[in-house]
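Participant: My structure is in data35.txt, and what it holds is compact mmCIF, C-alpha atoms (C1' of nucleotides):
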# COMPACT_ATOMS: atom_id res chain seq x y z
CA MET A 874 16.65 5.14 -6.46
CA SER A 875 12.95 5.92 -6.63
CA ALA A 876 10.48 5.59 -3.79
CA PRO A 877 9.39 2.05 -2.91
CA THR A 878 5.77 1.51 -3.86
CA GLU A 879 4.78 0.54 -0.36
CA LEU A 880 6.17 3.68 1.22
CA LEU A 881 4.19 5.79 -1.22
CA LYS A 882 0.94 4.16 -0.16
CA GLY A 883 -1.27 6.54 1.71
CA ASN A 884 0.85 9.53 0.75
CA ALA A 885 -0.30 10.15 -2.82
CA THR A 886 -3.08 12.53 -1.76
CA VAL A 887 -0.89 14.76 0.39
CA LEU A 888 1.76 14.92 -2.35
CA ILE A 889 -0.80 15.94 -4.98
CA LEU A 890 -2.42 18.53 -2.70
CA SER A 891 1.00 19.96 -1.87
CA CYS A 892 1.69 20.50 -5.57
CA LEU A 893 -1.67 22.17 -6.14
CA ALA A 894 -1.26 24.42 -3.11
CA ARG A 895 1.34 26.35 -5.10
CA GLY A 896 -1.06 26.93 -7.98
CA PRO A 897 -3.25 25.12 -10.54
CA LEU A 898 -1.70 22.28 -12.50
CA HIS A 899 -2.81 19.60 -14.92
CA GLY A 900 -2.26 15.90 -14.26
CA TYR A 901 0.85 15.47 -16.33
CA GLY A 902 2.24 18.66 -14.77
CA ILE A 903 1.78 17.20 -11.29
CA VAL A 904 3.83 14.15 -12.26
CA LYS A 905 6.61 16.38 -13.59
CA ALA A 906 6.49 18.69 -10.58
CA LEU A 907 6.83 15.78 -8.15
CA ASP A 908 9.68 14.37 -10.21
CA SER A 909 11.60 17.64 -10.31
CA MET A 910 10.93 18.51 -6.67
CA SER A 911 12.33 15.18 -5.53
CA GLU A 912 15.16 14.61 -7.99
CA SER A 913 13.17 11.80 -9.60
CA TYR A 914 12.53 10.07 -6.29
CA PHE A 915 8.76 10.43 -6.64
CA GLN A 916 7.82 9.05 -10.03
CA MET A 917 4.09 8.84 -9.69
CA ARG A 918 2.54 6.65 -12.35
CA GLU A 919 -0.48 7.68 -14.35
CA GLY A 920 -2.32 4.60 -13.13
CA THR A 921 -1.91 6.06 -9.66
CA LEU A 922 -2.48 9.73 -10.42
CA TYR A 923 -5.58 9.92 -12.57
CA PRO A 924 -7.83 7.72 -10.43
CA HIS A 925 -6.67 9.82 -7.48
CA LEU A 926 -7.52 13.11 -9.20
CA HIS A 927 -10.99 11.84 -10.05
CA ARG A 928 -11.65 10.71 -6.52
CA MET A 929 -10.31 13.93 -5.06
CA GLU A 930 -12.51 15.98 -7.36
CA GLU A 931 -15.50 13.86 -6.37
CA ASP A 932 -14.62 14.49 -2.73
CA GLY A 933 -14.44 18.24 -3.33
CA LEU A 934 -10.75 18.56 -2.47
CA ILE A 935 -9.89 19.88 -5.93
CA GLU A 936 -11.72 21.50 -8.84
CA GLY A 937 -11.08 20.56 -12.45
CA TYR A 938 -11.61 22.61 -15.59
CA TRP A 939 -10.55 22.27 -19.21
CA GLU A 940 -8.05 24.77 -20.51
CA GLN A 941 -6.91 25.44 -24.05
CA ALA A 942 -3.52 27.14 -24.01
CA SER A 943 -2.42 28.50 -27.39
CA GLY A 944 -0.65 25.93 -29.53
CA THR A 945 -1.30 23.09 -27.12
CA ARG A 946 -3.92 20.43 -26.84
CA GLU A 947 -6.69 20.84 -24.31
CA ARG A 948 -5.65 20.02 -20.78
CA ARG A 949 -7.58 19.38 -17.61
CA MET A 950 -6.39 21.79 -14.97
CA TYR A 951 -6.96 21.31 -11.25
CA ARG A 952 -7.05 23.87 -8.48
CA ILE A 953 -7.22 23.18 -4.78
CA THR A 954 -10.45 24.09 -2.94
CA ALA A 955 -10.96 25.41 0.58
CA LYS A 956 -11.88 21.91 1.65
CA GLY A 957 -8.71 20.68 -0.04
CA ASN A 958 -6.62 23.15 1.92
CA GLY A 959 -8.18 21.91 5.12
CA GLU A 960 -7.46 18.33 4.18
CA LEU A 961 -3.90 19.27 3.25
CA ALA A 962 -3.35 20.77 6.70
CA ARG A 963 -4.79 17.66 8.31
CA LEU A 964 -2.60 15.33 6.25
CA GLN A 965 0.48 17.44 6.92
CA ALA A 966 -0.15 17.15 10.66
CA GLU A 967 -0.68 13.42 10.27
CA TRP A 968 2.57 13.09 8.37
CA ARG A 969 4.45 15.01 11.07
CA LYS A 970 3.08 12.73 13.75
CA PHE A 971 3.88 9.61 11.75
CA GLN A 972 7.38 10.90 11.09
CA LEU A 973 7.93 11.68 14.75
CA ASN A 974 6.92 8.24 15.93
CA MET A 975 8.84 6.44 13.19
CA ASN A 976 11.99 8.32 14.13
CA HIS A 977 11.40 7.64 17.78
CA VAL A 978 11.27 3.89 17.23
CA LEU A 979 14.04 3.85 14.64
CA ASP A 980 16.37 5.83 16.89
CA GLN A 981 15.91 3.24 19.61
CA GLY A 982 17.22 0.55 17.32
CA ALA A 983 19.86 2.69 15.64
CA THR A 984 22.69 0.61 14.24
CA ALA A 985 26.00 1.72 15.69
CA MET B 1278 -4.89 8.82 17.24
CA SER B 1279 -3.20 5.70 15.94
CA ALA B 1280 -1.27 5.40 12.69
CA PRO B 1281 -3.37 5.15 9.52
CA THR B 1282 -3.08 1.69 8.01
CA GLU B 1283 -1.84 3.01 4.71
CA LEU B 1284 1.03 4.93 6.26
CA LEU B 1285 2.17 1.81 8.06
CA LYS B 1286 2.46 -0.10 4.81
CA GLY B 1287 6.00 -0.97 3.94
CA ASN B 1288 7.22 0.04 7.39
CA ALA B 1289 6.31 -2.99 9.46
CA THR B 1290 9.64 -4.72 8.81
CA VAL B 1291 11.81 -1.77 9.81
CA LEU B 1292 9.74 -1.22 12.96
CA ILE B 1293 10.07 -4.85 14.02
CA LEU B 1294 13.80 -4.93 13.28
CA SER B 1295 14.29 -1.73 15.28
CA CYS B 1296 12.67 -3.34 18.31
CA LEU B 1297 14.79 -6.46 18.03
CA ALA B 1298 17.99 -4.44 17.59
CA ARG B 1299 17.73 -3.57 21.29
CA GLY B 1300 17.55 -7.23 22.30
CA PRO B 1301 15.50 -10.41 21.83
CA LEU B 1302 11.73 -10.19 22.17
CA HIS B 1303 8.73 -12.40 21.60
CA GLY B 1304 5.90 -11.43 19.28
CA TYR B 1305 3.51 -10.11 21.87
CA GLY B 1306 6.41 -8.19 23.42
CA ILE B 1307 7.12 -6.48 20.10
CA VAL B 1308 3.51 -5.27 19.91
CA LYS B 1309 3.76 -3.90 23.45
CA ALA B 1310 7.18 -2.32 22.81
CA LEU B 1311 5.93 -0.50 19.70
CA ASP B 1312 2.87 0.67 21.59
CA SER B 1313 4.84 2.03 24.54
CA MET B 1314 7.58 3.58 22.36
CA SER B 1315 5.01 5.51 20.35
CA GLU B 1316 2.43 6.40 23.00
CA SER B 1317 0.00 3.95 21.40
CA TYR B 1318 0.44 5.42 17.93
CA PHE B 1319 1.75 2.13 16.53
CA GLN B 1320 -0.76 -0.54 17.46
CA MET B 1321 0.43 -3.37 15.26
CA ARG B 1322 -2.16 -6.10 14.95
CA GLU B 1323 -1.33 -9.74 15.38
CA GLY B 1324 -2.59 -10.44 11.87
CA THR B 1325 0.16 -8.12 10.69
CA LEU B 1326 2.92 -9.16 13.06
CA TYR B 1327 2.99 -12.94 13.02
CA PRO B 1328 3.01 -13.45 9.25
CA HIS B 1329 5.80 -10.84 9.16
CA LEU B 1330 7.87 -12.65 11.79
CA HIS B 1331 7.53 -15.93 9.90
CA ARG B 1332 8.59 -14.36 6.63
CA MET B 1333 11.49 -12.53 8.25
CA GLU B 1334 12.71 -15.74 9.86
CA GLU B 1335 12.45 -17.50 6.51
CA ASP B 1336 14.49 -14.71 4.97
CA GLY B 1337 17.14 -15.04 7.65
CA LEU B 1338 16.64 -11.56 9.09
CA ILE B 1339 15.71 -12.92 12.52
CA GLU B 1340 16.16 -16.16 14.45
CA GLY B 1341 13.40 -17.71 16.52
CA TYR B 1342 13.67 -20.02 19.50
CA TRP B 1343 11.27 -21.26 22.18
CA GLU B 1344 11.84 -20.09 25.70
CA GLN B 1345 10.29 -21.25 28.94
CA ALA B 1346 10.59 -18.56 31.59
CA SER B 1347 9.69 -19.77 35.08
CA GLY B 1348 5.99 -19.47 35.83
CA THR B 1349 5.05 -18.42 32.32
CA ARG B 1350 3.88 -20.27 29.27
CA GLU B 1351 6.37 -21.09 26.51
CA ARG B 1352 7.07 -18.13 24.23
CA ARG B 1353 8.78 -17.83 20.87
CA MET B 1354 11.64 -15.39 21.17
CA TYR B 1355 13.29 -13.70 18.22
CA ARG B 1356 16.76 -12.25 17.92
CA ILE B 1357 18.09 -10.21 15.02
CA THR B 1358 20.76 -11.78 12.79
CA ALA B 1359 23.74 -10.19 11.05
CA LYS B 1360 21.72 -10.18 7.85
CA GLY B 1361 18.89 -8.55 9.74
CA ASN B 1362 21.18 -5.80 10.98
CA GLY B 1363 22.26 -5.14 7.41
CA GLU B 1364 18.68 -4.99 6.26
CA LEU B 1365 17.85 -2.68 9.15
CA ALA B 1366 20.59 -0.27 8.09
CA ARG B 1367 19.32 -0.38 4.51
CA LEU B 1368 15.73 0.28 5.55
CA GLN B 1369 16.78 3.09 7.87
CA ALA B 1370 18.58 4.78 4.97
CA GLU B 1371 15.53 4.27 2.78
CA TRP B 1372 13.31 5.83 5.42
CA ARG B 1373 15.62 8.84 5.74
CA LYS B 1374 15.54 9.39 1.99
CA PHE B 1375 11.77 9.02 1.86
CA GLN B 1376 11.36 11.40 4.75
CA LEU B 1377 13.66 13.96 3.15
CA ASN B 1378 11.76 14.00 -0.13
CA MET B 1379 8.35 14.00 1.53
CA ASN B 1380 9.33 17.03 3.58
CA HIS B 1381 10.77 18.74 0.55
CA VAL B 1382 7.51 18.45 -1.36
CA LEU B 1383 5.30 19.19 1.65
CA ASP B 1384 7.29 22.30 2.51
CA GLN B 1385 6.67 23.61 -0.98
CA GLY B 1386 2.94 23.43 -0.43
CA ALA B 1387 3.02 24.51 3.18
CA THR B 1388 -0.23 26.08 4.30
CA ALA B 1389 0.34 29.58 5.62
C1' DT C 1344 -15.37 -19.33 38.94
C1' DA C 1345 -15.20 -16.20 35.55
C1' DT C 1346 -12.79 -12.54 33.32
C1' DA C 1347 -8.87 -10.27 31.44
C1' DA C 1348 -4.31 -10.31 29.90
C1' DT C 1349 -0.92 -12.96 27.76
C1' DA C 1350 0.54 -15.58 23.67
C1' DC C 1351 0.36 -17.98 19.56
C1' DC C 1352 -1.69 -18.65 14.75
C1' DT C 1353 -4.50 -18.47 10.02
C1' DC C 1354 -7.36 -16.69 6.44
C1' DA C 1355 -10.71 -13.85 3.74
C1' DT C 1356 -11.18 -9.04 2.70
C1' DA C 1357 -10.25 -4.33 1.46
C1' DT C 1358 -7.10 -0.98 -0.25
C1' DA C 1359 -3.91 1.20 -3.18
C1' DG C 1360 -0.09 1.71 -6.32
C1' DC C 1361 1.58 -0.27 -10.65
C1' DG C 1362 2.16 -2.10 -15.30
C1' DA C 1363 -0.01 -2.72 -19.44
C1' DT C 1364 -2.78 -0.93 -22.71
C1' DG C 1365 -5.25 2.40 -25.39
C1' DT C 1366 -6.07 7.00 -27.63
C1' DA C 1367 -4.54 11.37 -29.45
C1' DT C 1368 -1.79 15.81 -30.33
C1' DA C 1369 2.49 18.64 -30.93
C1' DG C 1370 7.17 19.20 -31.91
C1' DA C 1371 11.64 17.59 -33.42
C1' DA C 1372 14.58 14.79 -35.98
C1' DA C 1373 15.69 11.93 -39.91
C1' DT D 13 7.37 13.37 -45.28
C1' DT D 14 7.82 10.19 -41.97
C1' DT D 15 9.06 8.68 -37.62
C1' DC D 16 10.06 9.20 -32.97
C1' DT D 17 9.50 11.40 -28.58
C1' DA D 18 7.14 14.09 -25.25
C1' DT D 19 2.86 15.55 -23.86
C1' DA D 20 -1.78 14.36 -22.09
C1' DC D 21 -5.71 11.85 -20.93
C1' DA D 22 -7.86 7.40 -19.25
C1' DT D 23 -9.00 2.38 -17.65
C1' DC D 24 -8.27 -2.19 -15.74
C1' DG D 25 -6.32 -6.46 -13.96
C1' DC D 26 -2.52 -7.71 -10.89
C1' DT D 27 -0.20 -7.85 -6.70
C1' DA D 28 1.37 -6.66 -2.16
C1' DT D 29 0.08 -5.52 2.49
C1' DA D 30 -2.34 -4.50 6.74
C1' DT D 31 -6.55 -5.71 9.01
C1' DG D 32 -10.42 -7.98 11.33
C1' DA D 33 -12.41 -11.98 12.54
C1' DG D 34 -11.83 -16.26 14.13
C1' DG D 35 -9.48 -19.96 16.68
C1' DT D 36 -6.63 -22.18 20.67
C1' DA D 37 -4.45 -22.14 25.09
C1' DT D 38 -2.18 -20.48 29.54
C1' DT D 39 -1.67 -17.44 33.63
C1' DA D 40 -3.15 -14.08 36.83
C1' DT D 41 -6.87 -11.55 38.96
C1' DA D 42 -11.37 -10.39 40.80
Output the structure of this file as structure tokens.
Facilitator:
Amino acid sequence: MSAPTELLKGNATVLILSCLARGPLHGYGIVKALDSMSESYFQMREGTLYPHLHRMEEDGLIEGYWEQASGTRERRMYRITAKGNGELARLQAEWRKFQLNMNHVLDQGATA
Amino acid sequence: MSAPTELLKGNATVLILSCLARGPLHGYGIVKALDSMSESYFQMREGTLYPHLHRMEEDGLIEGYWEQASGTRERRMYRITAKGNGELARLQAEWRKFQLNMNHVLDQGATA
DNA sequence: TATAATACCTCATATAGCGATGTATAGAAA
DNA sequence: TTTCTATACATCGCTATATGAGGTATTATA
């Protein structure tokens, strides 16, 4: 079972930033990292990822640069910026708060 | 701080069902219950709630009926159905899985 | 008497992920 | 050698969903 589209909404940015916080990655690598970190639960589509990366670069959260590794085609690598780290911390806090309140409400209506 | 719209997406149904699992409520009461259970974090708008209630009733997850409490105007009460309880259990499981994978990825990129 | 809170409803708009589509390279299999 | 798959980038129309604005009406309060 992969993540329902609607649940993913609003969380793409924090997922991407979390991947890049561990080190630079290229777009395709981010997709694979998310997949492997979640046992294929997060299968982010390219139509979701690339527009996000472009917007995030525009916003200064990440920095892109072309890299030519030996024997491979050129790839666009991304590294997280200081601003990106700040935004990551903010989004992590937001996620924790969301999680807390969701669990609070869901526990109230817990099925026996 | 109230919940970002995008994070709420896909979670309205499970929040509403959780409220109704504790007992019948009318629409306005659901809004107030969510607000009080979350310290005003979940401020569900009527434009979100009522279309949801209608769709959920259509889908057989909840049952609506008009009630006239003494000294108040008529209100449309909703109670959860057996099907709704099943759906609630399914959505709770889905939330747990989503939460688990989100935390797994976010922990990887935890800011020091 | 007027204002706020209660209580219902609808609809146009904005947002965001997805599927489809396109291009191109590298490696493996046939 | 050819074909298939994985890698790697990108764009765009579609669709689902929450919201804000707008509307109607009742009850309690100032």
Participant: Pull out every residue of chain D that has at least one atom within 7 Å of chain B, counting all atoms listed in the file, and report them as number ranges by chain.
Facilitator: D: 29-31, 38-39
Participant: Which is closest to chain A among B:His1329, B:Ser1295, B:Gly1361, B:Ser1347, if we use all atoms listed in the file?
Facilitator: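 Ranked by minimum distance to chain A, first place goes to B:Ser1295.
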Participant: Using all atoms listed in the file, what does the table of chain B residues within 8 Å of chain C look like, with each row giving the shortest atom pair and its distance in Å to one decimal, sorted by chain and ascending number, as JSON lines?
Facilitator:
{"residue": "B:Tyr1305", "atom": "CA", "partner": "C:DA1350", "partner_atom": "C1'", "distance": 6.5}
{"residue": "B:Tyr1327", "atom": "CA", "partner": "C:DC1352", "partner_atom": "C1'", "distance": 7.6}
{"residue": "B:Arg1352", "atom": "CA", "partner": "C:DA1350", "partner_atom": "C1'", "distance": 7.0}
Participant: I need the residues from that last selection saved to file as a short mmCIF file (atom, residue, chain, number, x, y, z; two decimals), in the frame of the given file (with C-alpha atoms), if you can.
Facilitator:
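The result, written out as out.cif:
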data_model
loop_
_atom_site.label_atom_id
_atom_site.label_comp_id
_atom_site.auth_asym_id
_atom_site.auth_seq_id
_atom_site.Cartn_x
_atom_site.Cartn_y
_atom_site.Cartn_z
CA TYR B 1305 3.51 -10.11 21.87
CA TYR B 1327 2.99 -12.94 13.02
CA ARG B 1352 7.07 -18.13 24.23
#
Participant: Fewer than 4 positions away in the same chain doesn't count, so skip those; otherwise give me all residues within 7 Å of Leu1294 in chain B, counting only C-alpha atoms (C1' of nucleotides), as an MDAnalysis selection string.
Facilitator: chainID B and resid 1290 1298 1365
Participant: Please produce an output containing C-alpha atoms for each residue in the selection, written as a short mmCIF file (atom, residue, chain, number, x, y, z; two decimals), in the coordinates of the input.
Facilitator:
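Below you can see selection39.cif, which holds the result:
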data_model
loop_
_atom_site.label_atom_id
_atom_site.label_comp_id
_atom_site.auth_asym_id
_atom_site.auth_seq_id
_atom_site.Cartn_x
_atom_site.Cartn_y
_atom_site.Cartn_z
CA THR B 1290 9.64 -4.72 8.81
CA ALA B 1298 17.99 -4.44 17.59
CA LEU B 1365 17.85 -2.68 9.15
#
Participant: Report as CSV the residues of chain B within 9 Å of chain A, each with its shortest atom pair and distance in Å (one decimal), using only C-alpha atoms, ordered by chain and increasing residue number.
Facilitator:
residue,atom,partner,partner_atom,distance
B:Ala1280,CA,A:Phe971,CA,6.7
B:Pro1281,CA,A:Gly883,CA,8.2
B:Thr1282,CA,A:Gly883,CA,8.2
B:Glu1283,CA,A:Gly883,CA,4.7
B:Leu1284,CA,A:Gly883,CA,5.3
B:Leu1285,CA,A:Leu880,CA,8.1
B:Lys1286,CA,A:Glu879,CA,5.7
B:Gly1287,CA,A:Glu879,CA,4.7
B:Asn1288,CA,A:Leu880,CA,7.2
B:Val1291,CA,A:Leu979,CA,7.7
B:Leu1292,CA,A:Val978,CA,6.8
B:Leu1294,CA,A:Gly982,CA,7.6
B:Ser1295,CA,A:Gly982,CA,4.2
B:Cys1296,CA,A:Gly982,CA,6.1
B:Leu1297,CA,A:Gly982,CA,7.5
B:Ala1298,CA,A:Gly982,CA,5.1
B:Arg1299,CA,A:Gly982,CA,5.7
B:Leu1311,CA,A:Val978,CA,7.3
B:Met1314,CA,A:Val978,CA,6.3
B:Ser1315,CA,A:Asn974,CA,5.5
B:Glu1316,CA,A:Asn974,CA,8.6
B:Tyr1318,CA,A:Asn974,CA,7.3
B:Phe1319,CA,A:Asn974,CA,8.0
B:Asn1362,CA,A:Thr984,CA,7.3
B:Gly1363,CA,A:Thr984,CA,8.9
B:Leu1365,CA,A:Thr984,CA,7.8
B:Ala1366,CA,A:Thr984,CA,6.6
B:Gln1369,CA,A:Leu979,CA,7.3
B:Glu1371,CA,A:Ala876,CA,8.4
B:Trp1372,CA,A:Leu880,CA,8.6
B:Lys1374,CA,A:Ala876,CA,8.6
B:Phe1375,CA,A:Ala876,CA,6.7
B:Gln1376,CA,A:Gln972,CA,7.5
B:Leu1377,CA,A:Ser911,CA,8.9
B:Asn1378,CA,A:Ser911,CA,5.6
B:Met1379,CA,A:Leu888,CA,7.7
B:His1381,CA,A:Ser911,CA,7.2
B:Val1382,CA,A:Met910,CA,6.3
B:Leu1383,CA,A:Ser891,CA,5.6
B:Asp1384,CA,A:Ser891,CA,8.0
B:Gln1385,CA,A:Ser891,CA,6.8
B:Gly1386,CA,A:Ser891,CA,4.2
B:Ala1387,CA,A:Ser891,CA,7.1
B:Thr1388,CA,A:Ala962,CA,6.6
Participant: Just give me the gap between CA of Gly902 in chain A and CA of Thr954 in chain A in Å, one decimal is fine.
Facilitator: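 About the pair CA of Gly902 in chain A and CA of Thr954 in chain A: they are 18.2 Å apart.
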Participant: Between CA of Glu960 in chain A and C1' of DA20 in chain D, what is the spacing in Å?
Facilitator: 27.2 Å
Participant: For CA of Leu934 in chain A and CA of Ile953 in chain A, quote the distance in Å rounded to one decimal.
Facilitator: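 Interatomic distance, CA of Leu934 in chain A to CA of Ile953 in chain A: 6.3 Å.
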